[in-house]
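Content type compact mmCIF, C-alpha atoms, from the file query.txt:
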# COMPACT_ATOMS: atom_id res chain seq x y z
CA MET A 1 5.04 -5.79 -8.70
CA LYS A 2 7.28 -5.94 -5.68
CA LYS A 3 6.77 -8.64 -3.10
CA ARG A 4 5.64 -7.35 0.25
CA PRO A 5 8.10 -8.14 3.02
CA LEU A 6 6.83 -10.27 5.86
CA SER A 7 6.28 -8.60 9.24
CA ILE A 8 8.88 -9.19 11.89
CA LEU A 9 6.22 -10.73 14.12
CA ALA A 10 3.97 -13.36 12.59
CA MET A 11 0.40 -12.11 12.26
CA LEU A 12 -2.31 -14.51 13.32
CA LEU A 13 -5.98 -14.49 12.35
CA ILE A 14 -8.46 -13.90 15.14
CA ALA A 15 -11.29 -16.28 15.80
CA THR A 16 -13.32 -14.15 18.12
CA LEU A 17 -13.99 -10.41 17.85
CA LEU A 18 -15.72 -8.78 20.79
CA THR A 19 -16.97 -5.33 19.92
CA GLY A 20 -17.18 -2.95 22.83
CA CYS A 21 -17.15 0.84 23.02
CA GLY A 22 -16.32 1.06 19.30
CA ILE A 23 -13.02 -0.80 19.79
CA VAL A 24 -12.47 -4.40 18.76
CA GLN A 25 -11.06 -6.42 21.65
CA ASN A 26 -8.83 -9.11 20.18
CA THR A 27 -8.36 -12.69 21.32
CA PRO A 28 -6.08 -14.03 18.58
CA THR A 29 -6.01 -17.66 17.53
CA VAL A 30 -4.59 -19.49 14.57
CA GLY A 31 -7.17 -20.42 11.98
CA GLY A 32 -9.43 -19.37 9.15
CA PRO A 33 -10.70 -15.97 7.99
CA SER A 34 -11.09 -13.30 10.60
CA THR A 35 -14.67 -12.42 9.70
CA ALA A 36 -17.70 -14.47 8.83
CA ASP A 37 -17.65 -13.35 5.20
CA GLY A 38 -13.88 -13.77 4.85
CA ALA A 39 -13.36 -10.08 4.15
CA THR A 40 -9.69 -10.27 5.03
CA ALA A 41 -7.80 -12.48 2.63
CA ILE A 42 -6.49 -15.73 4.09
CA GLY A 43 -2.71 -15.59 4.29
CA ASP A 44 -2.53 -11.80 3.94
CA THR A 45 -0.71 -11.45 7.24
CA GLN A 46 0.13 -7.76 6.80
CA SER A 47 -3.57 -6.89 6.98
CA LEU A 48 -4.18 -8.99 10.07
CA PRO A 49 -3.88 -7.94 13.70
CA LEU A 50 -0.80 -8.57 15.77
CA ALA A 51 -0.99 -11.65 17.96
CA GLY A 52 -1.48 -10.67 21.58
CA ALA A 53 -2.76 -7.14 20.94
CA SER A 54 -5.56 -6.26 23.35
CA ILE A 55 -7.05 -3.52 21.16
CA VAL A 56 -7.53 -3.93 17.41
CA LEU A 57 -8.77 -1.03 15.30
CA LYS A 58 -10.76 -1.82 12.17
CA ILE A 59 -9.47 0.21 9.17
CA SER A 60 -11.34 0.58 5.87
CA HIS A 61 -10.06 2.01 2.58
CA THR A 62 -10.89 1.87 -1.14
CA ASP A 63 -7.43 1.08 -2.59
CA ASN A 64 -6.29 -2.39 -3.48
CA ASP A 65 -3.52 -3.78 -1.28
CA ALA A 66 -1.07 -4.84 -4.00
CA SER A 67 1.72 -2.39 -3.19
CA MET A 68 2.54 0.17 -0.52
CA LEU A 69 4.55 2.10 -3.08
CA SER A 70 1.78 2.63 -5.62
CA ASN A 71 -1.44 2.75 -3.59
CA THR A 72 -1.82 5.77 -1.34
CA TRP A 73 -4.27 4.42 1.24
CA ASN A 74 -2.69 0.99 1.35
CA CYS A 75 0.55 2.79 2.20
CA TYR A 76 -1.18 4.84 4.91
CA ALA A 77 -2.96 1.81 6.40
CA ARG A 78 0.11 -0.41 6.64
CA THR A 79 2.32 2.38 7.92
CA PHE A 80 -0.27 3.23 10.56
CA LYS A 81 -0.58 -0.39 11.67
CA SER A 82 3.18 -0.86 11.92
CA PHE A 83 3.81 2.32 13.92
CA LEU A 84 0.77 1.77 16.16
CA GLU A 85 2.14 -1.65 17.12
CA THR A 86 5.59 -0.17 17.67
CA TYR A 87 4.51 2.82 19.77
CA SER A 88 2.13 0.72 21.88
CA GLY A 89 4.61 -2.11 22.40
CA GLY A 90 2.12 -4.54 20.85
CA GLU A 91 -0.80 -3.45 23.02
CA MET A 92 -2.63 -2.00 20.01
CA SER A 93 -2.90 -3.26 16.44
CA ALA A 94 -5.18 -2.93 13.41
CA GLU A 95 -7.03 -5.07 10.92
CA ILE A 96 -7.09 -3.62 7.41
CA PHE A 97 -10.04 -4.03 5.03
CA PRO A 98 -9.02 -2.78 1.54
CA ASN A 99 -10.94 -2.69 -1.76
CA SER A 100 -14.12 -1.19 -0.26
CA GLN A 101 -14.84 -4.52 1.45
CA LEU A 102 -16.84 -2.81 4.19
CA GLY A 103 -18.74 -0.52 1.80
CA ASP A 104 -18.18 2.49 -0.44
CA GLU A 105 -16.71 5.72 0.87
CA THR A 106 -20.03 7.30 1.85
CA SER A 107 -21.21 4.16 3.63
CA CYS A 108 -17.96 3.74 5.55
CA VAL A 109 -18.01 7.35 6.74
CA GLU A 110 -21.54 6.76 8.06
CA GLN A 111 -20.35 3.58 9.79
CA CYS A 112 -17.45 5.49 11.30
CA SER A 113 -19.85 8.09 12.66
CA GLN A 114 -21.93 5.31 14.21
CA GLY A 115 -18.85 3.60 15.66
CA SER A 116 -19.02 0.31 13.75
CA ILE A 117 -15.81 1.11 11.79
CA ASP A 118 -12.94 2.59 13.78
CA ILE A 119 -10.93 4.29 11.02
CA VAL A 120 -11.81 5.27 7.44
CA LEU A 121 -9.09 6.38 5.00
CA GLY A 122 -9.44 8.67 1.99
CA ALA A 123 -12.75 10.37 2.73
CA ALA A 124 -13.43 13.39 0.51
CA SER A 125 -14.24 16.76 2.05
CA GLY A 126 -17.68 16.62 0.45
CA ASN A 127 -18.53 13.55 2.53
CA LEU A 128 -18.18 15.58 5.73
CA ALA A 129 -19.86 18.80 4.64
CA SER A 130 -23.31 17.56 5.65
CA TRP A 131 -22.05 17.52 9.26
CA VAL A 132 -19.68 20.50 9.07
CA PRO A 133 -20.39 22.92 6.19
CA ASP A 134 -16.99 24.60 6.62
CA PHE A 135 -15.43 21.54 4.94
CA ASN A 136 -16.89 22.94 1.71
CA VAL A 137 -14.09 25.51 1.63
CA PHE A 138 -11.77 22.83 0.20
CA ASP A 139 -14.00 22.51 -2.87
CA ILE A 140 -13.42 26.03 -4.17
CA PRO A 141 -11.56 25.68 -7.49
CA TYR A 142 -8.20 27.46 -7.62
CA LEU A 143 -8.27 28.09 -3.88
CA VAL A 144 -4.58 27.08 -3.75
CA ASP A 145 -1.77 26.55 -6.22
CA ASN A 146 0.91 25.00 -3.99
CA LEU A 147 0.36 21.63 -2.32
CA ASP A 148 3.21 22.04 0.18
CA ALA A 149 1.68 25.22 1.57
CA PHE A 150 -1.76 23.66 1.57
CA ASN A 151 -0.59 20.57 3.45
CA LEU A 152 1.13 22.78 6.00
CA VAL A 153 -2.12 24.63 6.67
CA CYS A 154 -3.95 21.32 7.04
CA GLN A 155 -1.94 20.46 10.17
CA GLY A 156 -2.66 23.66 12.07
CA THR A 157 -5.38 25.39 14.04
CA LEU A 158 -7.86 25.13 11.19
CA LEU A 159 -7.90 21.35 11.65
CA ASP A 160 -8.47 21.77 15.37
CA GLU A 161 -11.44 24.00 14.63
CA LEU A 162 -12.91 21.53 12.14
CA ASN A 163 -12.42 18.66 14.58
CA THR A 164 -14.31 20.50 17.30
CA GLN A 165 -17.25 20.90 14.94
CA LEU A 166 -17.02 17.36 13.53
CA GLY A 167 -16.89 15.77 16.97
CA ALA A 168 -20.05 17.56 18.03
CA ALA A 169 -21.99 17.05 14.79
CA GLY A 170 -20.70 13.73 13.43
CA ASN A 171 -19.06 11.90 16.32
CA MET A 172 -15.77 11.68 14.38
CA ARG A 173 -12.41 13.39 14.28
CA VAL A 174 -9.90 13.87 11.46
CA LEU A 175 -6.64 12.04 12.09
CA SER A 176 -5.03 13.31 8.88
CA LEU A 177 -6.03 15.98 6.37
CA MET A 178 -3.99 16.27 3.18
CA ALA A 179 -3.99 17.02 -0.52
CA THR A 180 -3.02 14.05 -2.68
CA GLY A 181 -2.61 15.99 -5.92
CA PHE A 182 -4.36 18.43 -8.24
CA ARG A 183 -7.39 17.47 -10.29
CA ASN A 184 -7.10 17.85 -14.07
CA LEU A 185 -9.39 17.59 -17.08
CA ASP A 186 -9.47 14.31 -19.03
CA THR A 187 -10.93 14.10 -22.55
CA TRP A 188 -10.92 11.66 -25.45
CA ASN A 189 -12.49 13.30 -28.52
CA LYS A 190 -11.13 16.82 -28.22
CA ARG A 191 -7.96 18.61 -27.13
CA VAL A 192 -8.71 21.29 -24.54
CA GLU A 193 -6.46 24.34 -24.15
CA ARG A 194 -8.97 27.16 -23.62
CA VAL A 195 -12.20 27.58 -21.70
CA ASP A 196 -14.07 28.00 -24.99
CA ASP A 197 -12.99 24.48 -25.98
CA LEU A 198 -15.30 23.12 -23.26
CA ARG A 199 -18.44 24.84 -24.46
CA GLY A 200 -21.31 22.37 -24.71
CA MET A 201 -19.30 19.37 -23.47
CA LYS A 202 -20.80 16.95 -20.92
CA ILE A 203 -18.34 16.71 -18.04
CA ARG A 204 -18.66 14.31 -15.16
CA VAL A 205 -18.21 15.87 -11.71
CA GLN A 206 -18.99 14.87 -8.16
CA SER A 207 -22.35 16.01 -6.80
CA ILE A 208 -20.85 19.02 -5.02
CA ASP A 209 -22.31 22.48 -5.62
CA ALA A 210 -18.96 24.20 -6.16
CA HIS A 211 -17.94 21.58 -8.74
CA THR A 212 -21.14 21.83 -10.78
CA THR A 213 -20.91 25.63 -10.59
CA MET A 214 -17.37 25.44 -11.98
CA ILE A 215 -18.42 23.34 -14.96
CA LYS A 216 -21.32 25.66 -15.76
CA ALA A 217 -19.02 28.68 -15.49
CA TRP A 218 -16.80 27.04 -18.10
CA GLY A 219 -19.78 26.77 -20.45
CA ALA A 220 -20.08 22.98 -20.15
CA MET A 221 -22.79 20.70 -18.78
CA PRO A 222 -22.15 18.99 -15.41
CA THR A 223 -23.12 15.32 -15.38
CA THR A 224 -23.21 12.96 -12.40
CA VAL A 225 -21.86 9.45 -12.95
CA SER A 226 -20.53 7.11 -10.25
CA PHE A 227 -16.78 6.51 -10.32
CA SER A 228 -17.27 2.80 -11.01
CA GLU A 229 -19.22 3.64 -14.19
CA LEU A 230 -16.82 6.21 -15.64
CA TYR A 231 -15.18 3.84 -18.13
CA SER A 232 -18.54 2.77 -19.55
CA ALA A 233 -19.86 6.34 -19.64
CA ALA A 234 -16.78 7.52 -21.52
CA SER A 235 -16.89 4.62 -23.97
CA THR A 236 -20.57 5.03 -24.80
CA GLY A 237 -20.66 8.81 -25.16
CA VAL A 238 -22.69 9.50 -22.02
CA ILE A 239 -19.98 12.01 -21.08
CA ASP A 240 -17.32 13.88 -23.05
CA ALA A 241 -14.85 14.40 -20.22
CA PHE A 242 -14.20 13.90 -16.54
CA GLU A 243 -11.87 15.54 -14.01
CA ASN A 244 -9.63 13.60 -11.66
CA PRO A 245 -6.14 13.53 -10.16
CA ASN A 246 -3.84 11.90 -12.72
CA TYR A 247 -3.18 8.83 -10.59
CA THR A 248 -6.84 7.80 -10.57
CA LEU A 249 -6.64 7.12 -14.31
CA PHE A 250 -4.97 3.82 -13.48
CA MET A 251 -7.97 2.77 -11.39
CA ASN A 252 -10.50 0.72 -13.35
CA ASN A 253 -8.27 1.18 -16.44
CA LEU A 254 -9.65 4.68 -17.04
CA TYR A 255 -6.50 5.67 -18.94
CA GLU A 256 -7.68 3.42 -21.80
CA ALA A 257 -10.61 5.77 -22.44
CA VAL A 258 -8.53 8.97 -22.27
CA ASN A 259 -6.57 10.57 -25.10
CA TYR A 260 -5.79 13.96 -23.53
CA VAL A 261 -5.04 15.24 -20.04
CA THR A 262 -5.21 19.02 -19.77
CA GLN A 263 -3.33 20.12 -16.66
CA THR A 264 -5.84 22.66 -15.41
CA ASN A 265 -4.78 22.01 -11.78
CA HIS A 266 -8.17 23.38 -10.85
CA LEU A 267 -8.63 21.76 -7.45
CA ALA A 268 -6.43 20.32 -4.73
CA ASN A 269 -7.80 16.82 -4.17
CA THR A 270 -8.39 16.98 -0.41
CA SER A 271 -8.69 13.70 1.46
CA MET A 272 -9.10 12.82 5.11
CA CYS A 273 -8.48 9.91 7.43
CA LEU A 274 -11.14 9.69 10.12
CA ILE A 275 -11.46 7.95 13.45
CA SER A 276 -14.77 7.31 15.18
CA GLY A 277 -15.34 9.59 18.15
CA LYS A 278 -16.71 6.60 20.02
CA THR A 279 -13.44 4.74 19.45
CA PHE A 280 -11.14 7.66 20.22
CA ASP A 281 -12.94 8.74 23.38
CA ASN A 282 -12.76 5.23 24.83
CA LEU A 283 -8.97 5.13 24.52
CA THR A 284 -6.76 6.30 27.33
CA ALA A 285 -4.80 9.53 26.84
CA GLU A 286 -1.67 7.45 26.26
CA GLN A 287 -3.40 5.25 23.65
CA GLN A 288 -4.77 8.36 21.91
CA GLY A 289 -1.21 9.65 21.72
CA TRP A 290 -0.03 6.42 20.07
CA VAL A 291 -2.82 6.69 17.50
CA GLN A 292 -2.02 10.31 16.71
CA LYS A 293 1.72 9.65 16.39
CA ALA A 294 1.05 6.68 14.08
CA ALA A 295 -1.27 8.89 12.00
CA ALA A 296 1.44 11.56 11.66
CA GLU A 297 3.92 8.95 10.39
CA SER A 298 1.33 7.59 7.97
CA ARG A 299 0.48 11.02 6.61
CA ARG A 300 4.13 11.68 5.80
CA ALA A 301 4.44 8.30 4.10
CA ALA A 302 1.28 8.75 2.03
CA ILE A 303 2.23 12.24 0.84
CA GLY A 304 5.65 10.91 -0.15
CA VAL A 305 4.13 8.04 -2.12
CA VAL A 306 1.80 10.43 -3.94
CA SER A 307 4.64 12.83 -4.82
CA ALA A 308 6.85 10.05 -6.14
CA ASN A 309 4.07 8.39 -8.08
CA ASN A 310 2.98 11.61 -9.77
CA VAL A 311 6.22 11.41 -11.76
CA ASN A 312 5.66 7.75 -12.63
CA VAL A 313 2.01 8.35 -13.50
CA LEU A 314 2.85 11.02 -16.09
CA ALA A 315 5.45 8.76 -17.67
CA ASN A 316 3.05 5.81 -17.74
CA LEU A 317 0.27 7.91 -19.26
CA LYS A 318 2.58 9.09 -22.04
CA GLU A 319 3.69 5.51 -22.69
CA SER A 320 0.01 4.55 -22.99
CA GLY A 321 -0.48 7.14 -25.73
CA VAL A 322 -2.14 9.83 -23.60
CA GLU A 323 -1.12 13.39 -24.54
CA ILE A 324 -0.34 15.63 -21.55
CA ILE A 325 -1.32 19.23 -22.32
CA SER A 326 0.48 21.82 -20.19
CA LEU A 327 -1.07 25.27 -19.97
CA SER A 328 0.65 28.63 -19.88
CA ASP A 329 0.10 31.02 -16.98
CA GLU A 330 -2.23 33.00 -19.23
CA GLN A 331 -4.30 29.92 -20.06
CA LEU A 332 -4.50 28.84 -16.42
CA ALA A 333 -5.65 32.33 -15.45
CA GLU A 334 -8.41 32.07 -18.03
CA PHE A 335 -9.77 28.89 -16.45
CA ARG A 336 -9.45 30.36 -12.96
CA ASP A 337 -11.01 33.72 -13.77
CA ALA A 338 -13.99 32.05 -15.42
CA CYS A 339 -15.06 30.21 -12.28
CA TYR A 340 -13.35 31.30 -9.05
CA GLU A 341 -15.55 34.16 -7.89
CA THR A 342 -18.78 32.37 -8.83
CA CYS A 343 -17.71 29.20 -7.02
CA LYS A 344 -16.55 31.17 -3.98
CA GLU A 345 -19.96 32.85 -3.76
CA THR A 346 -21.62 29.43 -3.95
CA VAL A 347 -19.46 28.02 -1.15
CA LEU A 348 -19.83 31.06 1.10
CA GLN A 349 -23.56 30.41 1.21
CA THR A 350 -22.72 27.52 3.56
CA VAL A 351 -19.17 28.22 4.79
CA ASP A 352 -18.57 30.77 7.51
CA ALA A 353 -16.92 33.82 5.93
CA GLY A 354 -14.58 34.09 8.90
CA PHE A 355 -13.39 30.52 8.40
CA TYR A 356 -12.76 31.18 4.70
CA GLN A 357 -10.69 34.26 5.57
CA LYS A 358 -8.81 32.33 8.25
CA PHE A 359 -7.89 29.74 5.63
CA GLN A 360 -6.68 32.45 3.25
CA ASP A 361 -4.56 34.06 5.95
CA SER A 362 -3.10 30.70 7.05
CA TYR A 363 -2.28 29.77 3.46
CA ALA A 364 -0.56 33.11 2.86
CA SER A 365 1.50 32.58 6.04
CA ALA A 366 2.44 29.06 4.91
CA GLU A 367 3.61 30.37 1.51
CA LYS A 368 5.72 32.98 3.25
CA LEU A 369 7.22 30.40 5.60
CA LEU A 370 8.13 28.19 2.65
CA GLY A 371 9.56 31.12 0.71
CA ILE A 372 7.08 30.87 -2.16
CA ALA A 373 4.96 33.98 -1.54
CA GLU A 374 4.75 36.39 -4.45
Take the structure I supplied and represent it as structure tokens, if you would.
Amino acid sequence: MKKRPLSILAMLLIATLLTGCGIVQNTPTVGGPSTADGATAIGDTQSLPLAGASIVLKISHTDNDASMLSNTWNCYARTFKSFLETYSGGEMSAEIFPNSQLGDETSCVEQCSQGSIDIVLGAASGNLASWVPDFNVFDIPYLVDNLDAFNLVCQGTLLDELNTQLGAAGNMRVLSLMATGFRNLDTWNKRVERVDDLRGMKIRVQSIDAHTTMIKAWGAMPTTVSFSELYSAASTGVIDAFENPNYTLFMNNLYEAVNYVTQTNHLANTSMCLISGKTFDNLTAEQQGWVQKAAAESRRAAIGVVSANNVNVLANLKESGVEIISLSDEQLAEFRDACYETCKETVLQTVDAGFYQKFQDSYASAEKLLGIAE
């Protein structure tokens, strides 16, 4: 593990936090933990606000904070904090709460909507669909097959449209929308190369209609298990498989339970970084610009970390004895054809058909721009 370099400016813990208008007003002093429950580790200066900053944004994420180069949201958080301080000339800073210290993903999104957390990193599209059903479009399996084109679309007018809806319905806005990798199928008792290999298997999925529809279309049984219980469920036979981006297998030591990873690439794992509408609206136009520029830098950094680590993750999985099963175009088409239309019909019960078509058109334009259109 690489040592984290110290900040150029010494970070000091704050003794008093005054919460107003969804923004933490900071009066820094030297001393003990920055919150009553000691949520921010003593001595972890990179997570602490910059001394003298008048506005401190509270950031929550689920990653550990061991390394910027191996943990996506830790990378995003620390990059955001650094650039926010730079762009604002020290007027604005952030305090980072990793490891789900402020609650799980669902809870933190709710707190962001209410204005008690300023920024939440890594929220899944499904967490926002209750406010804006059009977010469900990102849960259609095999909607995309190129992450570069997808990430290009996620910066355009579609995001503006989603933000208009999210601001009105959920009092939040998306700072960054991105795909962090494709989801694949992970098994331990059986190699999977064909759809028929899944028949009768119990597969853990998130409680999202399109995901459960996909598993049923493959002839398997969808099962809901919390992420924190996956290792136990796999070890005790509660489930026969789960589906995740490859890098998540090194969370909670999940790779120890897995013998095979079938690269179905069935879903772009779409994640968002959110800011409370209460927080954003109470910033000046100049401060909003600093936040948005810092978010753009952080998005680039996080996507880069994911891309680099995907190579390392595959190597580490192989070293751990996990077999990586690559599928031919014919095999991939079999998985896609078995579920795509059914899942699309499920999603279009809640997603505006015009929005779905706008996504398709934007994605086709992005492929053409990148020179990857068929």
Applying 8 Å and only C-alpha atoms, which residues near Thr264 (chain A) remain after dropping the ones on its own chain fewer than 3 positions away? List them as JSON, numbers by chain. {"A": [183, 184, 185, 326, 327, 332, 335]}
Residue nearest Leu159 (chain A) among A:Val322, A:Ala210, A:Met272, A:Ala295 (counting only C-alpha atoms):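 Using only C-alpha atoms, the shortest distance to Leu159 (chain A) belongs to A:Met272.
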Exercise: residues within 10 Å of coordinate (-18.4, 5.0, 6.4), counting only C-alpha atoms, as a PDB file with C-alpha atoms, in the frame of the given file:
ATOM      1  CA  SER A  60     -11.340   0.580   5.870  1.00  0.00           C
ATOM      2  CA  HIS A  61     -10.060   2.010   2.580  1.00  0.00           C
ATOM      3  CA  LEU A 102     -16.840  -2.810   4.190  1.00  0.00           C
ATOM      4  CA  GLY A 103     -18.740  -0.520   1.800  1.00  0.00           C
ATOM      5  CA  ASP A 104     -18.180   2.490  -0.440  1.00  0.00           C
ATOM      6  CA  GLU A 105     -16.710   5.720   0.870  1.00  0.00           C
ATOM      7  CA  THR A 106     -20.030   7.300   1.850  1.00  0.00           C
ATOM      8  CA  SER A 107     -21.210   4.160   3.630  1.00  0.00           C
ATOM      9  CA  CYS A 108     -17.960   3.740   5.550  1.00  0.00           C
ATOM     10  CA  VAL A 109     -18.010   7.350   6.740  1.00  0.00           C
ATOM     11  CA  GLU A 110     -21.540   6.760   8.060  1.00  0.00           C
ATOM     12  CA  GLN A 111     -20.350   3.580   9.790  1.00  0.00           C
ATOM     13  CA  CYS A 112     -17.450   5.490  11.300  1.00  0.00           C
ATOM     14  CA  SER A 113     -19.850   8.090  12.660  1.00  0.00           C
ATOM     15  CA  GLN A 114     -21.930   5.310  14.210  1.00  0.00           C
ATOM     16  CA  GLY A 115     -18.850   3.600  15.660  1.00  0.00           C
ATOM     17  CA  SER A 116     -19.020   0.310  13.750  1.00  0.00           C
ATOM     18  CA  ILE A 117     -15.810   1.110  11.790  1.00  0.00           C
ATOM     19  CA  ASP A 118     -12.940   2.590  13.780  1.00  0.00           C
ATOM     20  CA  ILE A 119     -10.930   4.290  11.020  1.00  0.00           C
ATOM     21  CA  VAL A 120     -11.810   5.270   7.440  1.00  0.00           C
ATOM     22  CA  LEU A 121      -9.090   6.380   5.000  1.00  0.00           C
ATOM     23  CA  ALA A 123     -12.750  10.370   2.730  1.00  0.00           C
ATOM     24  CA  ASN A 127     -18.530  13.550   2.530  1.00  0.00           C
ATOM     25  CA  LEU A 274     -11.140   9.690  10.120  1.00  0.00           C
ATOM     26  CA  SER A 276     -14.770   7.310  15.180  1.00  0.00           C
TER      27      SER A 276
END
One decimal, in Å: what's the spacing between CA of Trp131 (chain A) and CA of Glu95 (chain A)?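 Going from CA of Trp131 (chain A) over to CA of Glu95 (chain A), I get 27.2 Å.
One distance worth recording is that between CA of Ala241 (chain A) and CA of Asp186 (chain A), which is 5.5 Å.
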Show which residues sit within 12 Å of region 142-147 of chain A, as a PyMOL selection string. Count all atoms listed in the file, and ignore same-chain residues fewer than 6 positions away. chain A and resi 136+153-154+178-184+210-211+214+264-270+303+306-307+329+332-344+347+356-357+359-364+366-368+370-374
Write out as a PyMOL selection string which residues come within 10 Å of Met251 (chain A) when counting all atoms listed in the file, dropping same-chain ones fewer than 3 positions away. chain A and resi 63-64+227-228+231+247-248+254-255
